[in-house]
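Structure first, commentary second.
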Amino acid sequence: MASFGSVHAWAWVHKWSSLVSTVFLLFLCVTGLPLVFTEEIFDWTNPPPAYAQLPANAPRANLEHLAAKSRQMYPGQIITSLFVDDDEPKVVVTMAPSWKELKRPGADHWIKFDARTGQVVEESHLKRKQGQPIIVFIRKLHADLLMGLAGELFLGVMGLLFVIAIVSGVVLYSPFMRRMPFGTVRVERSKRVRWLDLHNLLGIVATAWMAVVGFTGVVNELSAPMFGTWRANTVNRMIAPWQSKPPIAQAELASIDDAFATAQRALPGMSVISAIYPGSTIGTPHHYFIWTHGKSPLTSQLLTPVLVDARTGELTAVVPMPWYLRALELSRPLHFGDYGGAPLKIIWALLDVITIIVLGSGLYLWFARTSHDRTASRRPWSDRASHALEPAE
Amino acid sequence: MNWYKTIGVAKQWGMPVGLAVLTLFGLLSALLGEGGIWWWLSWAALSTPLLVIARFWPLRRLLEKRKPSL
């Protein structure tokens with residue numbers, strides 16, 4: 001049993017961790033609510049292009065043919081990446097005037113092909129005229145307050161405070177609820193008592209979900225530094241021997257189909273999903289940097305890159321992924337709630353609303369604290385002081 | 001710890017711990033399981049906290065309390 005002194009300390013921790021973070025967490029919960037349905041909202045505001053109706057086993061078009069077609073459409077430009085989807089029958093080719101130009105935002109553009117017929121179905125400059133999809137904007141707000149890395153780290157700290165508030169809240173649940181059966185809401189008492197009981201009930205019932213989503217949110221906010229560390233420690237060391245060599249001209253590249261096949265042979269159980277062309281800031285001037293992922297719901301979250309020699313199309317290396325990036329990859333679905341069909345999304349949204357009520361009621365309890373609470377909290381903690389935690393009428 | 005204290009702790013923490021275990025099971029079963037039955041188990045497990053809230057939310061009692069003053 002916690003002593004009264006330690007209850008006081010935990011109450012202090014709960015109060016301050018919550019007070020500092022609640023406004024931002026309310027913001028995260030409110031912006032997070034539509035994000036649970038990102039896929040649906042995106043498809044609704046940006047309907048996918050009309051693909052040809054073909055049998056499911058229709059073969060994929062030759063990728064090098066699509067690359068050549070892209071270069072014909074934009075003579076003199078380079079291909080920066082090629083992405084193959086496994087949900088939609090599409091191949092997306094991203095292009096730019098040059099690698100140097102790519103550093104300028106908006107210099108790149110993409111062409112979307114039907115993966116089977118090789119027909120162009122969409123182009124970015126036509127899409128961009130319609131403006132940024134609203135859900136993309138909300139996602140940016142939610143992830144970094146439109147402030148880039150600084151915003152990500154700031155929200156990460158807020159998330160950490162949220163986790164601390166959850167832990168201290170669980171500790172405080174014990175002294176608050178000791179004399180009452182589970183689920184008691186004292187409706188006959190004042191409004192503040194009623195909301196205190198509801199805050200405790202909703203808080204304790206949703207604790208595990210809030211802790212998981214809060215903690216995985218913090219991990220997600222650290223993705224930029226984690227990828228930076230991995231690139232500095234693993235990737236850059238692997239690619240150092242090639243880094244100073246002159247880049248391979250696009251006309252001299254090995255076929256992208258050969259490169260995909262090489263990656264597939266190196267990792268037979270994986271799906272090969274994209275290639276970054278040699279010359280990008282990730283990768284080397286001499287390699288296709290090819291991303292693969294697993295095929296089950298769990299392993300599809302786990303990406304493994306492969307370096308393929310861009311002149312010969314042969315395997316150079318499979319790039320190892322460290323544990324912290326695996327943890328990041330697993331924390332994504334557990335934060336997004338997008339891995340169990342529509343019912344899971346609805347449950348996610350409802351638990352998000354419960355969290356909003358817990359946060360809002362917490363804020364209310366602080367604002368509606370009575371003068372008795374204020375003086376009591378300054379009094380030395382005595383044997384009777386646990387009653388001071390319970391609000392006066 | 002005395003036996004009656006142990007009972008008290010079990011009584012107080014039975015529901016919270018049970019719900020936390022169910023929640024974690026629900027979160028993992030959809031992630032680790034390959035669809036099908038694991039999704040259903042996940043939906044059932046994760047709905048439980050919501051049903052518990054619905055059960056204890058004092059909506060009905062509040063209405064009853066307000067009636068006499070109408």
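Within each chain, counting starts at residue 1; across the structure tokens, chains are named A, B, ... in the order shown, with ligands numbered 1 upward in that order.
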
For Gly106 (chain A), find every residue with an atom within 12 Å (counting only C-alpha atoms), except residues of its own chain fewer than 4 positions away, and show them as number ranges by chain. A: 94-97, 101-102, 110, 124-125, 128

Take the residues just selected and output them with C-alpha atoms as an mmCIF file, in the first residue's frame.
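Dumped everything to result32.cif:
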data_model
loop_
_atom_site.group_PDB
_atom_site.id
_atom_site.type_symbol
_atom_site.label_atom_id
_atom_site.label_comp_id
_atom_site.auth_asym_id
_atom_site.auth_seq_id
_atom_site.Cartn_x
_atom_site.Cartn_y
_atom_site.Cartn_z
ATOM 1 C CA THR A 94 8.917 9.448 -59.806
ATOM 2 C CA MET A 95 11.007 11.812 -61.918
ATOM 3 C CA ALA A 96 12.959 15.060 -61.577
ATOM 4 C CA PRO A 97 15.022 17.291 -63.882
ATOM 5 C CA GLU A 101 17.175 19.911 -58.717
ATOM 6 C CA LEU A 102 15.455 17.361 -56.505
ATOM 7 C CA TRP A 110 5.208 11.188 -60.663
ATOM 8 C CA SER A 124 0.994 14.293 -60.232
ATOM 9 C CA HIS A 125 0.897 17.722 -61.860
ATOM 10 C CA ARG A 128 -1.572 18.810 -57.562
#

What are the residues of chain B lining chain A at 7 Å or less? Count only C-alpha atoms, and put the answer as a CSV table (one decimal) with N, CA and C atoms, in the first residue's frame.
chain,number,residue,atom,x,y,z
B,12,GLN,N,-10.2,-4.9,-5.7
B,12,GLN,CA,-10.0,-3.6,-6.4
B,12,GLN,C,-9.4,-3.7,-7.8
B,16,PRO,N,-9.7,-4.0,-13.4
B,16,PRO,CA,-8.7,-3.2,-14.2
B,16,PRO,C,-7.6,-4.1,-14.8
B,19,LEU,N,-9.2,-6.2,-17.6
B,19,LEU,CA,-9.4,-5.5,-18.9
B,19,LEU,C,-8.1,-5.1,-19.6
B,20,ALA,N,-7.1,-4.9,-18.8
B,20,ALA,CA,-5.8,-4.6,-19.5
B,20,ALA,C,-5.3,-5.8,-20.2
B,23,THR,N,-7.3,-6.2,-23.3
B,23,THR,CA,-6.9,-5.2,-24.3
B,23,THR,C,-5.6,-5.6,-25.0
B,24,LEU,N,-4.6,-6.0,-24.3
B,24,LEU,CA,-3.3,-6.4,-24.9
B,24,LEU,C,-3.5,-7.6,-25.8
B,30,ALA,N,-4.9,-9.4,-33.5
B,30,ALA,CA,-5.1,-9.0,-34.9
B,30,ALA,C,-3.8,-8.8,-35.6
B,31,LEU,N,-2.7,-8.4,-34.8
B,31,LEU,CA,-1.4,-8.2,-35.4
B,31,LEU,C,-0.6,-9.5,-35.7
B,32,LEU,N,-0.7,-10.4,-34.8
B,32,LEU,CA,0.1,-11.6,-34.9
B,32,LEU,C,-0.7,-12.7,-35.7
B,34,GLU,N,-3.4,-14.4,-38.4
B,34,GLU,CA,-3.5,-14.1,-39.8
B,34,GLU,C,-5.0,-14.0,-40.2
B,39,TRP,N,-9.0,-11.9,-36.0
B,39,TRP,CA,-9.6,-10.6,-36.0
B,39,TRP,C,-10.9,-10.6,-35.2
B,43,TRP,N,-11.6,-8.1,-32.1
B,43,TRP,CA,-12.7,-7.2,-32.0
B,43,TRP,C,-13.5,-7.4,-30.7
B,47,SER,N,-13.6,-4.7,-27.6
B,47,SER,CA,-15.0,-4.1,-27.4
B,47,SER,C,-15.3,-4.2,-25.9
B,49,PRO,N,-13.7,-3.3,-23.0
B,49,PRO,CA,-13.7,-2.0,-22.3
B,49,PRO,C,-14.8,-1.1,-22.6
B,53,ILE,N,-17.7,0.4,-20.0
B,53,ILE,CA,-18.0,1.8,-19.8
B,53,ILE,C,-19.5,2.0,-20.0
B,56,PHE,N,-21.4,1.0,-16.9
B,56,PHE,CA,-21.3,1.8,-15.7
B,56,PHE,C,-21.6,3.2,-15.9
B,58,PRO,N,-23.4,6.4,-15.8
B,58,PRO,CA,-24.6,6.6,-15.1
B,58,PRO,C,-25.8,7.3,-15.8
B,62,LEU,N,-28.9,9.0,-13.8
B,62,LEU,CA,-28.9,10.5,-13.8
B,62,LEU,C,-30.3,10.9,-14.2

Assign secondary structure with DSSP using the backbone only, and return the residues of chain B in alpha helix (DSSP H) as a ChimeraX atom specification. /B:3-32,37-56,59-66

Contacts of Ala143 (chain A) within 8 Å, only C-alpha atoms, excl. fewer than 6 positions in-chain, as a list in words: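 Near neighbours after the sequence-gap exclusion: Gly151, Glu152, Leu155 and Glu221 of chain A.
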
Expected file: the selected residues, C-alpha atoms, as a JSON list (two decimals), in the first residue's frame:
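What follows is the written file selection_32.json:
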[["chain", "number", "residue", "atom", "x", "y", "z"],
["A", 151, "GLY", "CA", 7.43, 19.62, -33.83],
["A", 152, "GLU", "CA", 7.95, 15.86, -33.86],
["A", 155, "LEU", "CA", 5.00, 16.14, -29.48],
["A", 221, "GLU", "CA", 7.90, 10.74, -33.26]]

Assign secondary structure with DSSP using the backbone only, and return the residues of region 39-120 of chain A in strand (DSSP E or B) as a PyMOL selection string. chain A and resi 78-84+90-96+109-114+120

Pairwise distance, CA of Ile282 (chain A) with CA of Leu126 (chain A), equals 27.9 Å
